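Engineer: Just one file: my_file13.cif, with mmCIF, C-alpha atoms (C1' of nucleotides).
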data_input
#
loop_
_atom_site.group_PDB
_atom_site.id
_atom_site.type_symbol
_atom_site.label_atom_id
_atom_site.label_comp_id
_atom_site.auth_asym_id
_atom_site.auth_seq_id
_atom_site.Cartn_x
_atom_site.Cartn_y
_atom_site.Cartn_z
ATOM 1 C CA MET D 1 56.364 108.112 159.890
ATOM 2 C CA GLN D 2 55.430 104.513 159.542
ATOM 3 C CA GLU D 3 52.350 105.378 157.544
ATOM 4 C CA GLY D 4 49.477 103.097 157.333
ATOM 5 C CA THR D 5 48.506 103.405 160.931
ATOM 6 C CA PHE D 6 46.372 106.479 160.882
ATOM 7 C CA SER D 7 45.399 106.256 164.476
ATOM 8 C CA SER D 8 43.086 109.220 164.752
ATOM 9 C CA HIS D 9 42.998 108.976 168.467
ATOM 10 C CA GLY D 10 44.930 108.290 171.465
ATOM 11 C CA HIS D 11 47.294 105.448 171.678
ATOM 12 C CA CYS D 12 50.964 106.187 171.628
ATOM 13 C CA ARG D 13 52.465 104.745 174.715
ATOM 14 C CA GLY D 14 53.248 101.244 175.707
ATOM 15 C CA THR D 15 55.022 98.844 173.481
ATOM 16 C CA THR D 16 55.422 101.283 170.655
ATOM 17 C CA ALA D 17 59.017 102.187 170.052
ATOM 18 C CA ARG D 18 58.214 105.831 169.454
ATOM 19 C CA GLY D 19 55.582 108.380 170.286
ATOM 20 C CA ASP D 20 52.959 109.867 168.059
ATOM 21 C CA VAL D 21 52.670 113.631 167.957
ATOM 22 C CA PHE D 22 49.255 113.321 166.378
ATOM 23 C CA ALA D 23 47.859 111.902 169.574
ATOM 24 C CA ALA D 24 46.791 114.671 171.886
ATOM 25 C CA ASP D 25 47.582 112.813 175.042
ATOM 26 C CA CYS D 26 51.024 111.616 174.016
ATOM 27 C CA PRO D 27 53.942 113.116 175.939
ATOM 28 C CA THR D 28 55.562 113.632 172.572
ATOM 29 C CA ARG D 29 52.925 116.192 171.750
ATOM 30 C CA ARG D 30 53.902 118.268 174.758
ATOM 31 C CA LEU D 31 57.524 117.927 173.806
ATOM 32 C CA LEU D 32 56.789 119.156 170.302
ATOM 33 C CA ASP D 33 54.952 122.089 171.756
ATOM 34 C CA ARG D 34 58.031 123.033 173.711
ATOM 35 C CA ILE D 35 60.634 122.668 170.987
ATOM 36 C CA ALA D 36 58.412 124.142 168.291
ATOM 37 C CA ASP D 37 58.605 127.424 170.088
ATOM 38 C CA LYS D 38 60.133 130.692 169.025
ATOM 39 C CA TRP D 39 62.144 131.283 172.188
ATOM 40 C CA SER D 40 63.350 127.707 172.577
ATOM 41 C CA THR D 41 64.514 127.707 168.997
ATOM 42 C CA LEU D 42 66.433 130.939 169.308
ATOM 43 C CA ILE D 43 67.970 129.973 172.629
ATOM 44 C CA LEU D 44 69.194 126.598 171.391
ATOM 45 C CA LEU D 45 70.586 128.119 168.220
ATOM 46 C CA THR D 46 72.462 130.716 170.211
ATOM 47 C CA LEU D 47 73.873 128.305 172.761
ATOM 48 C CA HIS D 48 74.988 126.011 169.982
ATOM 49 C CA ASP D 49 77.491 128.660 168.950
ATOM 50 C CA GLN D 50 78.836 129.110 172.448
ATOM 51 C CA PRO D 51 77.866 128.926 176.120
ATOM 52 C CA MET D 52 76.383 132.137 177.356
ATOM 53 C CA ARG D 53 75.189 133.920 180.463
ATOM 54 C CA PHE D 54 71.664 135.021 181.166
ATOM 55 C CA ASN D 55 72.057 138.604 180.133
ATOM 56 C CA GLY D 56 74.135 137.622 177.149
ATOM 57 C CA LEU D 57 71.236 135.592 175.890
ATOM 58 C CA LYS D 58 68.860 138.387 176.648
ATOM 59 C CA ARG D 59 70.941 140.779 174.597
ATOM 60 C CA ARG D 60 71.414 138.355 171.752
ATOM 61 C CA ILE D 61 67.776 137.366 171.489
ATOM 62 C CA ASP D 62 66.250 140.680 170.769
ATOM 63 C CA GLY D 63 62.817 141.176 172.222
ATOM 64 C CA VAL D 64 62.676 138.348 174.712
ATOM 65 C CA SER D 65 61.415 139.285 178.143
ATOM 66 C CA GLN D 66 63.235 138.236 181.282
ATOM 67 C CA LYS D 67 60.298 136.163 182.267
ATOM 68 C CA MET D 68 60.095 134.190 179.050
ATOM 69 C CA LEU D 69 63.855 133.773 178.925
ATOM 70 C CA SER D 70 64.025 132.506 182.472
ATOM 71 C CA GLN D 71 60.975 130.327 182.010
ATOM 72 C CA THR D 72 62.134 128.854 178.724
ATOM 73 C CA LEU D 73 65.636 128.236 180.034
ATOM 74 C CA ARG D 74 64.267 126.340 182.998
ATOM 75 C CA SER D 75 62.077 124.276 180.722
ATOM 76 C CA LEU D 76 65.003 123.492 178.424
ATOM 77 C CA GLU D 77 67.143 122.610 181.390
ATOM 78 C CA ARG D 78 64.484 120.300 182.751
ATOM 79 C CA ASP D 79 64.195 118.604 179.383
ATOM 80 C CA GLY D 80 67.934 118.083 179.342
ATOM 81 C CA LEU D 81 68.588 120.252 176.305
ATOM 82 C CA VAL D 82 70.488 122.930 178.148
ATOM 83 C CA SER D 83 72.774 122.822 181.169
ATOM 84 C CA ARG D 84 73.108 125.468 183.805
ATOM 85 C CA SER D 85 76.266 126.022 185.819
ATOM 86 C CA VAL D 86 76.618 128.412 188.673
ATOM 87 C CA VAL D 87 79.909 129.910 189.727
ATOM 88 C CA ALA D 88 79.844 131.574 193.133
ATOM 89 C CA THR D 89 81.712 134.698 192.260
ATOM 90 C CA VAL D 90 80.863 137.985 193.889
ATOM 91 C CA PRO D 91 77.811 138.621 191.879
ATOM 92 C CA VAL D 92 77.004 135.013 191.212
ATOM 93 C CA SER D 93 77.538 134.120 187.566
ATOM 94 C CA VAL D 94 75.380 131.571 185.823
ATOM 95 C CA THR D 95 76.344 130.106 182.484
ATOM 96 C CA TYR D 96 74.091 128.206 180.136
ATOM 97 C CA ALA D 97 75.336 125.698 177.593
ATOM 98 C CA ILE D 98 73.772 123.308 175.164
ATOM 99 C CA THR D 99 73.900 119.598 175.980
ATOM 100 C CA PRO D 100 74.621 116.820 173.471
ATOM 101 C CA LEU D 101 70.917 116.032 173.436
ATOM 102 C CA GLY D 102 70.113 119.651 172.696
ATOM 103 C CA ALA D 103 72.809 119.780 170.049
ATOM 104 C CA SER D 104 71.215 116.809 168.328
ATOM 105 C CA LEU D 105 68.114 118.887 167.755
ATOM 106 C CA VAL D 106 69.824 122.003 166.495
ATOM 107 C CA ALA D 107 70.297 120.862 162.915
ATOM 108 C CA SER D 108 66.551 120.613 162.361
ATOM 109 C CA LEU D 109 65.953 123.906 164.072
ATOM 110 C CA ARG D 110 68.611 125.591 162.031
ATOM 111 C CA ALA D 111 67.069 124.210 158.869
ATOM 112 C CA MET D 112 63.747 125.680 159.865
ATOM 113 C CA ILE D 113 65.279 129.063 160.495
ATOM 114 C CA ASP D 114 67.260 128.930 157.287
ATOM 115 C CA TRP D 115 64.018 128.268 155.492
ATOM 116 C CA ALA D 116 62.365 131.241 157.159
ATOM 117 C CA GLU D 117 65.236 133.562 156.423
ATOM 118 C CA THR D 118 65.577 132.607 152.793
ATOM 119 C CA ARG D 119 61.963 132.025 151.786
ATOM 120 C CA MET D 120 60.639 135.172 153.378
ATOM 121 C CA PRO D 121 60.285 136.992 150.047
ATOM 122 C CA GLU D 122 58.037 134.274 148.661
ATOM 123 C CA VAL D 123 55.925 134.329 151.777
ATOM 124 C CA ALA D 124 55.654 138.079 151.638
ATOM 125 C CA ALA D 125 54.564 137.853 148.019
ATOM 126 C CA ALA D 126 51.942 135.267 148.908
ATOM 127 C CA GLN D 127 50.637 137.483 151.661
ATOM 128 C CA ALA D 128 50.391 140.445 149.356
ATOM 129 C CA ALA D 129 48.517 138.380 146.799
ATOM 130 C CA TYR D 130 46.199 136.973 149.416
ATOM 131 C CA ASP D 131 45.417 140.362 150.873
ATOM 132 C CA THR D 132 44.703 141.778 147.452
ATOM 133 C CA ILE D 133 42.498 139.009 146.178
ATOM 134 C CA SER D 134 40.580 138.643 149.382
ATOM 135 C CA GLY D 135 39.835 142.272 148.960
ATOM 136 C CA ARG D 136 40.564 144.034 152.145
ATOM 137 C CA SER D 137 38.318 141.796 154.193
ATOM 138 C CA VAL D 138 41.195 140.019 155.816
ATOM 139 C CA PRO D 139 42.846 141.814 158.683
ATOM 140 C CA GLU D 140 46.602 141.744 158.832
ATOM 141 C CA ILE D 141 47.554 138.821 160.954
ATOM 142 C CA ALA D 142 51.044 140.154 161.362
ATOM 143 C CA MET R 1 73.551 133.936 158.791
ATOM 144 C CA GLN R 2 76.662 135.925 157.871
ATOM 145 C CA GLU R 3 78.187 135.170 161.232
ATOM 146 C CA GLY R 4 80.475 137.592 162.830
ATOM 147 C CA THR R 5 77.885 140.278 162.825
ATOM 148 C CA PHE R 6 76.309 139.768 166.167
ATOM 149 C CA SER R 7 73.867 142.566 165.697
ATOM 150 C CA SER R 8 72.039 142.566 168.962
ATOM 151 C CA HIS R 9 69.505 144.932 167.632
ATOM 152 C CA GLY R 10 67.522 145.758 164.728
ATOM 153 C CA HIS R 11 68.834 145.676 161.279
ATOM 154 C CA CYS R 12 67.718 142.981 158.952
ATOM 155 C CA ARG R 13 66.044 144.701 156.074
ATOM 156 C CA GLY R 14 67.493 146.574 153.215
ATOM 157 C CA THR R 15 70.275 145.337 151.099
ATOM 158 C CA THR R 16 70.766 142.183 153.076
ATOM 159 C CA ALA R 17 69.966 139.102 151.075
ATOM 160 C CA ARG R 18 68.222 137.419 153.949
ATOM 161 C CA GLY R 19 66.438 138.223 157.165
ATOM 162 C CA ASP R 20 67.643 137.815 160.706
ATOM 163 C CA VAL R 21 65.408 135.992 163.150
ATOM 164 C CA PHE R 22 67.379 137.383 166.035
ATOM 165 C CA ALA R 23 66.115 140.846 165.287
ATOM 166 C CA ALA R 24 62.795 141.413 166.982
ATOM 167 C CA ASP R 25 61.466 143.709 164.321
ATOM 168 C CA CYS R 26 62.401 141.549 161.348
ATOM 169 C CA PRO R 27 59.490 140.061 159.415
ATOM 170 C CA THR R 28 61.407 136.810 159.544
ATOM 171 C CA ARG R 29 60.854 136.674 163.262
ATOM 172 C CA ARG R 30 57.097 136.752 162.787
ATOM 173 C CA LEU R 31 57.412 134.075 160.162
ATOM 174 C CA LEU R 32 59.407 131.897 162.528
ATOM 175 C CA ASP R 33 56.761 132.387 165.148
ATOM 176 C CA ARG R 34 54.158 131.093 162.758
ATOM 177 C CA ILE R 35 55.991 128.052 161.431
ATOM 178 C CA ALA R 36 57.457 127.142 164.809
ATOM 179 C CA ASP R 37 53.965 126.370 165.973
ATOM 180 C CA LYS R 38 52.444 123.081 167.065
ATOM 181 C CA TRP R 39 49.346 123.327 164.897
ATOM 182 C CA SER R 40 51.098 124.667 161.813
ATOM 183 C CA THR R 41 53.625 121.878 162.039
ATOM 184 C CA LEU R 42 51.028 119.147 162.356
ATOM 185 C CA ILE R 43 48.863 120.584 159.613
ATOM 186 C CA LEU R 44 51.718 120.863 157.144
ATOM 187 C CA LEU R 45 52.911 117.367 157.939
ATOM 188 C CA THR R 46 49.456 115.969 157.415
ATOM 189 C CA LEU R 47 48.813 117.807 154.171
ATOM 190 C CA HIS R 48 52.165 116.705 152.853
ATOM 191 C CA ASP R 49 50.866 113.145 152.806
ATOM 192 C CA GLN R 50 47.705 114.059 150.971
ATOM 193 C CA PRO R 51 45.215 116.882 150.447
ATOM 194 C CA MET R 52 42.489 116.849 153.033
ATOM 195 C CA ARG R 53 39.220 118.475 154.013
ATOM 196 C CA PHE R 54 38.607 120.497 157.119
ATOM 197 C CA ASN R 55 37.076 117.770 159.203
ATOM 198 C CA GLY R 56 39.576 115.262 157.955
ATOM 199 C CA LEU R 57 42.301 117.447 159.377
ATOM 200 C CA LYS R 58 40.366 117.918 162.559
ATOM 201 C CA ARG R 59 40.067 114.186 162.989
ATOM 202 C CA ARG R 60 43.668 113.540 162.125
ATOM 203 C CA ILE R 61 45.099 116.192 164.384
ATOM 204 C CA ASP R 62 43.790 115.015 167.663
ATOM 205 C CA GLY R 63 42.977 117.781 170.098
ATOM 206 C CA VAL R 64 42.888 120.762 167.785
ATOM 207 C CA SER R 65 39.879 123.006 168.194
ATOM 208 C CA GLN R 66 37.830 124.141 165.213
ATOM 209 C CA LYS R 67 38.846 127.652 165.961
ATOM 210 C CA MET R 68 42.577 127.065 165.996
ATOM 211 C CA LEU R 69 42.379 124.821 162.954
ATOM 212 C CA SER R 70 40.451 127.360 160.953
ATOM 213 C CA GLN R 71 42.646 130.172 162.158
ATOM 214 C CA THR R 72 45.899 128.351 161.495
ATOM 215 C CA LEU R 73 44.742 127.208 158.064
ATOM 216 C CA ARG R 74 43.909 130.768 157.106
ATOM 217 C CA SER R 75 47.298 131.909 158.288
ATOM 218 C CA LEU R 76 49.065 129.165 156.340
ATOM 219 C CA GLU R 77 47.030 129.991 153.273
ATOM 220 C CA ARG R 78 47.894 133.637 153.535
ATOM 221 C CA ASP R 79 51.565 132.756 153.835
ATOM 222 C CA GLY R 80 51.297 130.645 150.695
ATOM 223 C CA LEU R 81 52.131 127.370 152.416
ATOM 224 C CA VAL R 82 48.719 125.829 151.955
ATOM 225 C CA SER R 83 46.141 126.167 149.201
ATOM 226 C CA ARG R 84 42.420 126.081 149.652
ATOM 227 C CA SER R 85 40.133 124.927 146.888
ATOM 228 C CA VAL R 86 36.398 125.090 147.000
ATOM 229 C CA VAL R 87 34.206 122.773 144.977
ATOM 230 C CA ALA R 88 30.587 123.887 144.767
ATOM 231 C CA THR R 89 29.006 120.539 145.411
ATOM 232 C CA VAL R 90 25.764 120.306 147.298
ATOM 233 C CA PRO R 91 27.299 120.724 150.671
ATOM 234 C CA VAL R 92 30.207 122.810 149.501
ATOM 235 C CA SER R 93 33.426 120.895 149.867
ATOM 236 C CA VAL R 94 36.660 122.631 150.686
ATOM 237 C CA THR R 95 39.953 120.879 150.246
ATOM 238 C CA TYR R 96 43.277 121.947 151.645
ATOM 239 C CA ALA R 97 46.570 121.013 150.062
ATOM 240 C CA ILE R 98 50.181 121.854 150.606
ATOM 241 C CA THR R 99 51.889 124.165 148.121
ATOM 242 C CA PRO R 100 55.391 123.695 146.747
ATOM 243 C CA LEU R 101 56.555 126.414 149.092
ATOM 244 C CA GLY R 102 54.962 124.622 152.014
ATOM 245 C CA ALA R 103 56.415 121.330 150.882
ATOM 246 C CA SER R 104 59.873 122.867 150.882
ATOM 247 C CA LEU R 105 59.528 123.417 154.600
ATOM 248 C CA VAL R 106 58.217 119.998 155.505
ATOM 249 C CA ALA R 107 61.562 118.220 155.590
ATOM 250 C CA SER R 108 62.787 120.388 158.451
ATOM 251 C CA LEU R 109 59.517 120.043 160.279
ATOM 252 C CA ARG R 110 59.526 116.319 159.881
ATOM 253 C CA ALA R 111 63.075 116.174 161.210
ATOM 254 C CA MET R 112 61.960 118.086 164.263
ATOM 255 C CA ILE R 113 59.061 115.736 164.870
ATOM 256 C CA ASP R 114 61.226 112.691 164.305
ATOM 257 C CA TRP R 115 63.565 114.048 166.905
ATOM 258 C CA ALA R 116 60.720 114.527 169.365
ATOM 259 C CA GLU R 117 59.300 111.081 168.759
ATOM 260 C CA THR R 118 62.602 109.273 169.059
ATOM 261 C CA ARG R 119 64.359 111.274 171.763
ATOM 262 C CA MET R 120 61.383 111.392 174.086
ATOM 263 C CA PRO R 121 62.827 108.754 176.440
ATOM 264 C CA GLU R 122 65.993 110.763 177.001
ATOM 265 C CA VAL R 123 63.969 113.866 177.643
ATOM 266 C CA ALA R 124 61.738 112.017 180.083
ATOM 267 C CA ALA R 125 64.807 110.737 181.900
ATOM 268 C CA ALA R 126 66.238 114.236 182.108
ATOM 269 C CA GLN R 127 62.969 115.507 183.512
ATOM 270 C CA ALA R 128 62.888 112.812 186.143
ATOM 271 C CA ALA R 129 66.447 113.597 187.161
ATOM 272 C CA TYR R 130 65.749 117.301 187.289
ATOM 273 C CA ASP R 131 62.628 116.887 189.359
ATOM 274 C CA THR R 132 64.449 114.651 191.804
ATOM 275 C CA ILE R 133 67.551 116.738 192.263
ATOM 276 C CA SER R 134 65.690 119.994 192.497
ATOM 277 C CA GLY R 135 63.864 118.341 195.316
ATOM 278 C CA ARG R 136 60.204 118.817 194.852
ATOM 279 C CA SER R 137 60.465 122.566 194.593
ATOM 280 C CA VAL R 138 59.806 122.547 190.891
ATOM 281 C CA PRO R 139 56.202 122.154 189.847
ATOM 282 C CA GLU R 140 55.502 119.884 186.922
ATOM 283 C CA ILE R 141 55.469 121.980 183.818
ATOM 284 C CA ALA R 142 53.721 119.281 181.881
ATOM 285 C "C1'" DC I 1 27.187 117.521 157.099
ATOM 286 C "C1'" DC I 2 30.934 121.365 156.391
ATOM 287 C "C1'" DG I 3 32.878 125.406 158.039
ATOM 288 C "C1'" DA I 4 32.933 130.058 160.102
ATOM 289 C "C1'" DA I 5 31.723 133.389 163.821
ATOM 290 C "C1'" DT I 6 30.703 134.539 168.755
ATOM 291 C "C1'" DC I 7 30.899 134.399 173.768
ATOM 292 C "C1'" DC I 8 33.389 133.304 177.744
ATOM 293 C "C1'" DA I 9 36.628 131.110 181.174
ATOM 294 C "C1'" DG I 10 41.468 130.217 181.746
ATOM 295 C "C1'" DC I 11 46.157 130.097 180.616
ATOM 296 C "C1'" DT I 12 50.176 132.624 178.608
ATOM 297 C "C1'" DT I 13 52.703 136.656 177.669
ATOM 298 C "C1'" DG I 14 55.132 140.842 178.534
ATOM 299 C "C1'" DA I 15 56.159 145.312 181.139
ATOM 300 C "C1'" DT I 16 57.424 146.772 185.360
ATOM 301 C "C1'" DA I 17 59.175 146.602 189.850
ATOM 302 C "C1'" DC I 18 61.662 144.312 193.392
ATOM 303 C "C1'" DT I 19 65.223 140.893 195.772
ATOM 304 C "C1'" DG I 20 69.752 138.373 196.758
ATOM 305 C "C1'" DC Y 1 74.147 139.843 187.431
ATOM 306 C "C1'" DA Y 2 70.441 136.684 187.752
ATOM 307 C "C1'" DG Y 3 66.468 136.142 188.541
ATOM 308 C "C1'" DT Y 4 61.327 136.345 191.111
ATOM 309 C "C1'" DA Y 5 56.679 138.812 191.899
ATOM 310 C "C1'" DT Y 6 52.923 141.084 190.315
ATOM 311 C "C1'" DC Y 7 49.473 142.706 187.310
ATOM 312 C "C1'" DA Y 8 47.174 143.928 182.875
ATOM 313 C "C1'" DA Y 9 46.387 142.423 178.321
ATOM 314 C "C1'" DG Y 10 46.041 139.133 174.841
ATOM 315 C "C1'" DC Y 11 45.656 134.621 173.101
ATOM 316 C "C1'" DT Y 12 43.609 129.782 173.454
ATOM 317 C "C1'" DG Y 13 40.232 126.560 173.350
ATOM 318 C "C1'" DG Y 14 35.496 124.743 174.423
ATOM 319 C "C1'" DA Y 15 30.667 125.266 173.619
ATOM 320 C "C1'" DT Y 16 27.389 127.169 171.078
ATOM 321 C "C1'" DT Y 17 25.438 129.126 167.161
ATOM 322 C "C1'" DC Y 18 24.781 130.442 162.609
ATOM 323 C "C1'" DG Y 19 25.042 129.882 157.461
ATOM 324 C "C1'" DG Y 20 25.361 127.048 153.158
#
Could you show the structure in this file as structure tokens?
Structural biologist:
Amino acid sequence: MQEGTFSSHGHCRGTTARGDVFAADCPTRRLLDRIADKWSTLILLTLHDQPMRFNGLKRRIDGVSQKMLSQTLRSLERDGLVSRSVVATVPVSVTYAITPLGASLVASLRAMIDWAETRMPEVAAAQAAYDTISGRSVPEIA
Amino acid sequence: MQEGTFSSHGHCRGTTARGDVFAADCPTRRLLDRIADKWSTLILLTLHDQPMRFNGLKRRIDGVSQKMLSQTLRSLERDGLVSRSVVATVPVSVTYAITPLGASLVASLRAMIDWAETRMPEVAAAQAAYDTISGRSVPEIA
DNA sequence: CCGAATCCAGCTTGATACTG
DNA sequence: CAGTATCAAGCTGGATTCGG
């Protein structure tokens, strides 16, 4: 990240070719907040395999509420990461698919998930050690 | 993720070599929720460059509150991604550093941030298009 | 000066119920 | 099927305060 410029505050816009997530007021920060999100991640990963309908996604992504699914899908659609197509059948059927832009993000997301799924044992061990050494005083965050 | 098994629900534990983030009750899901987090991401990225003290992090990560910083750091420490070392100087000085485990995650995180910082224009364009077509009915999420 | 803990207002989340 | 509406609960962050 072009080190050297450790701009603690602010600037990000303007002539700069790219944003700076470390600046609170940079649009990039908001974007990061949206893609670095559990539901967004799982939705994009799922749609990368195949287009899917609302309830398909809901079934696939165990534990997501309708509200969060609907809300997150709209956000992803607005950001151009997911497309939404409506077919006026009897009960209207809506299909969601990933866009090329969305697909270009999936690799990183997948890497993150792969990390989580494979490194879990080490994390669990660290947690156990932490909870032991800290001697009970630390409440389970999980 | 051993594809093919589209286990909508549950299983993840047991004999399986790795977790399944799509299962709501899998510890991996909680882990994903913690690493797919704005503050965790920015903290890990920052510490990957160099160890840093609390207020150094606070200054670097524009907009983070003391509370969230302290809370997130404790969570990362518990998960073994960050180490905390105290030096009993006059005003005690506490330094945070990334662990090898944490460092092994940074590449994916950095990729995600790079994506956000470089693809922002396309996302902004998509938002503009969406907001126009949807005809005012959609309130700015940002 | 560094860092943690507390109180409080406000936003986000999720369960439930309801509509086209 | 595909959402929207509503409400209660929890989390977030700012300000303040306390301790070393």
Engineer: Mind pulling up the distance from atom CA of D:Leu101 to atom CA of D:Gly80?
Structural biologist: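 Separating atom CA of D:Gly80 from atom CA of D:Leu101 is a distance of 6.9 Å.
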Engineer: Kindly determine which residues of chain D lie within 12 Å of chain I, considering only C-alpha atoms (C1' of nucleotides), and give the answer as a list in words.
Structural biologist: Gly63, Val64, Ser65, Gln66, Lys67, Met68, Leu69, Gln71, Val90, Pro91 and Val92 of chain D
Engineer: Expanded to explicit residues, what is the PyMOL selection byres ((chain D) within 7 of (chain R)) for this file, as a CSV table (one decimal) with C-alpha atoms, in the frame of the given file?
Structural biologist:
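Just written: selection.csv:
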chain,number,residue,atom,x,y,z
D,8,SER,CA,43.1,109.2,164.8
D,9,HIS,CA,43.0,109.0,168.5
D,18,ARG,CA,58.2,105.8,169.5
D,19,GLY,CA,55.6,108.4,170.3
D,20,ASP,CA,53.0,109.9,168.1
D,22,PHE,CA,49.3,113.3,166.4
D,23,ALA,CA,47.9,111.9,169.6
D,24,ALA,CA,46.8,114.7,171.9
D,28,THR,CA,55.6,113.6,172.6
D,31,LEU,CA,57.5,117.9,173.8
D,32,LEU,CA,56.8,119.2,170.3
D,33,ASP,CA,55.0,122.1,171.8
D,36,ALA,CA,58.4,124.1,168.3
D,37,ASP,CA,58.6,127.4,170.1
D,38,LYS,CA,60.1,130.7,169.0
D,59,ARG,CA,70.9,140.8,174.6
D,60,ARG,CA,71.4,138.4,171.8
D,61,ILE,CA,67.8,137.4,171.5
D,62,ASP,CA,66.2,140.7,170.8
D,63,GLY,CA,62.8,141.2,172.2
D,78,ARG,CA,64.5,120.3,182.8
D,79,ASP,CA,64.2,118.6,179.4
D,80,GLY,CA,67.9,118.1,179.3
D,105,LEU,CA,68.1,118.9,167.8
D,108,SER,CA,66.6,120.6,162.4
D,111,ALA,CA,67.1,124.2,158.9
D,112,MET,CA,63.7,125.7,159.9
D,113,ILE,CA,65.3,129.1,160.5
D,115,TRP,CA,64.0,128.3,155.5
D,116,ALA,CA,62.4,131.2,157.2
D,117,GLU,CA,65.2,133.6,156.4
D,118,THR,CA,65.6,132.6,152.8
D,120,MET,CA,60.6,135.2,153.4
D,123,VAL,CA,55.9,134.3,151.8
D,126,ALA,CA,51.9,135.3,148.9
D,127,GLN,CA,50.6,137.5,151.7
D,130,TYR,CA,46.2,137.0,149.4
Engineer: Given only C-alpha atoms as the basis, pick out the residue of R:Ser70, R:Phe54, R:Val82, R:Ile133 nearest to R:Thr95.
Structural biologist: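 So, comparing all the options, the nearest one is R:Phe54.
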Engineer: Taking only C-alpha atoms (C1' of nucleotides) into account, what are the residues of chain Y at most 9 Å from chain D, put as a PDB file with C-alpha atoms (C1' of nucleotides), in the coordinates of the input?
Structural biologist:
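Result file result_18.pdb:
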ATOM      1  C1'  DC Y   1      74.147 139.843 187.431  1.00  0.00           C
ATOM      2  C1'  DA Y   2      70.441 136.684 187.752  1.00  0.00           C
ATOM      3  C1'  DG Y   3      66.468 136.142 188.541  1.00  0.00           C
ATOM      4  C1'  DT Y   4      61.327 136.345 191.111  1.00  0.00           C
TER       5       DT Y   4
END
Engineer: Please report the interatomic distance between atom CA of R:Leu73 and atom CA of R:Met52 in Å with one decimal.
Structural biologist: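 Those two atoms sit 11.7 Å apart.
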Engineer: To one decimal in Å, tell me the separation between atom CA of R:Val87 and atom C1' of Y:DG19.
Structural biologist: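 Atom CA of R:Val87 sits 17.0 Å away from atom C1' of Y:DG19.
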Engineer: Can you put N, CA, C and O atoms back into stretch 90-101 of chain D and show it as a PDB file, in the coordinates of the input?
Structural biologist:
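This is the output file rebuild.pdb:
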ATOM      1  N   VAL D  90      81.487 136.965 193.059  1.00  0.00           N
ATOM      2  CA  VAL D  90      80.863 137.985 193.889  1.00  0.00           C
ATOM      3  C   VAL D  90      79.403 138.216 193.490  1.00  0.00           C
ATOM      4  O   VAL D  90      78.506 137.843 194.230  1.00  0.00           O
ATOM      5  N   PRO D  91      79.171 138.759 192.307  1.00  0.00           N
ATOM      6  CA  PRO D  91      77.811 138.621 191.879  1.00  0.00           C
ATOM      7  C   PRO D  91      77.795 137.270 191.206  1.00  0.00           C
ATOM      8  O   PRO D  91      78.567 137.029 190.291  1.00  0.00           O
ATOM      9  N   VAL D  92      77.003 136.374 191.719  1.00  0.00           N
ATOM     10  CA  VAL D  92      77.004 135.013 191.212  1.00  0.00           C
ATOM     11  C   VAL D  92      76.866 135.011 189.682  1.00  0.00           C
ATOM     12  O   VAL D  92      76.134 135.816 189.123  1.00  0.00           O
ATOM     13  N   SER D  93      77.648 134.141 189.025  1.00  0.00           N
ATOM     14  CA  SER D  93      77.538 134.120 187.566  1.00  0.00           C
ATOM     15  C   SER D  93      77.037 132.760 187.102  1.00  0.00           C
ATOM     16  O   SER D  93      77.563 131.719 187.484  1.00  0.00           O
ATOM     17  N   VAL D  94      76.018 132.782 186.303  1.00  0.00           N
ATOM     18  CA  VAL D  94      75.380 131.571 185.823  1.00  0.00           C
ATOM     19  C   VAL D  94      75.614 131.446 184.317  1.00  0.00           C
ATOM     20  O   VAL D  94      75.376 132.398 183.578  1.00  0.00           O
ATOM     21  N   THR D  95      76.096 130.302 183.907  1.00  0.00           N
ATOM     22  CA  THR D  95      76.344 130.106 182.484  1.00  0.00           C
ATOM     23  C   THR D  95      75.476 128.983 181.938  1.00  0.00           C
ATOM     24  O   THR D  95      75.350 127.930 182.552  1.00  0.00           O
ATOM     25  N   TYR D  96      74.906 129.219 180.787  1.00  0.00           N
ATOM     26  CA  TYR D  96      74.091 128.206 180.136  1.00  0.00           C
ATOM     27  C   TYR D  96      74.841 127.639 178.943  1.00  0.00           C
ATOM     28  O   TYR D  96      75.531 128.362 178.229  1.00  0.00           O
ATOM     29  N   ALA D  97      74.696 126.340 178.745  1.00  0.00           N
ATOM     30  CA  ALA D  97      75.336 125.698 177.593  1.00  0.00           C
ATOM     31  C   ALA D  97      74.390 124.655 177.015  1.00  0.00           C
ATOM     32  O   ALA D  97      73.471 124.183 177.699  1.00  0.00           O
ATOM     33  N   ILE D  98      74.617 124.326 175.775  1.00  0.00           N
ATOM     34  CA  ILE D  98      73.772 123.308 175.164  1.00  0.00           C
ATOM     35  C   ILE D  98      74.326 121.929 175.528  1.00  0.00           C
ATOM     36  O   ILE D  98      75.534 121.764 175.693  1.00  0.00           O
ATOM     37  N   THR D  99      73.462 120.961 175.681  1.00  0.00           N
ATOM     38  CA  THR D  99      73.900 119.598 175.980  1.00  0.00           C
ATOM     39  C   THR D  99      73.992 118.817 174.665  1.00  0.00           C
ATOM     40  O   THR D  99      73.523 119.298 173.627  1.00  0.00           O
ATOM     41  N   PRO D 100      74.581 117.629 174.691  1.00  0.00           N
ATOM     42  CA  PRO D 100      74.621 116.820 173.471  1.00  0.00           C
ATOM     43  C   PRO D 100      73.210 116.548 172.945  1.00  0.00           C
ATOM     44  O   PRO D 100      72.968 116.602 171.738  1.00  0.00           O
ATOM     45  N   LEU D 101      72.293 116.271 173.854  1.00  0.00           N
ATOM     46  CA  LEU D 101      70.917 116.032 173.436  1.00  0.00           C
ATOM     47  C   LEU D 101      70.349 117.264 172.733  1.00  0.00           C
ATOM     48  O   LEU D 101      69.733 117.163 171.666  1.00  0.00           O
TER      49      LEU D 101
END
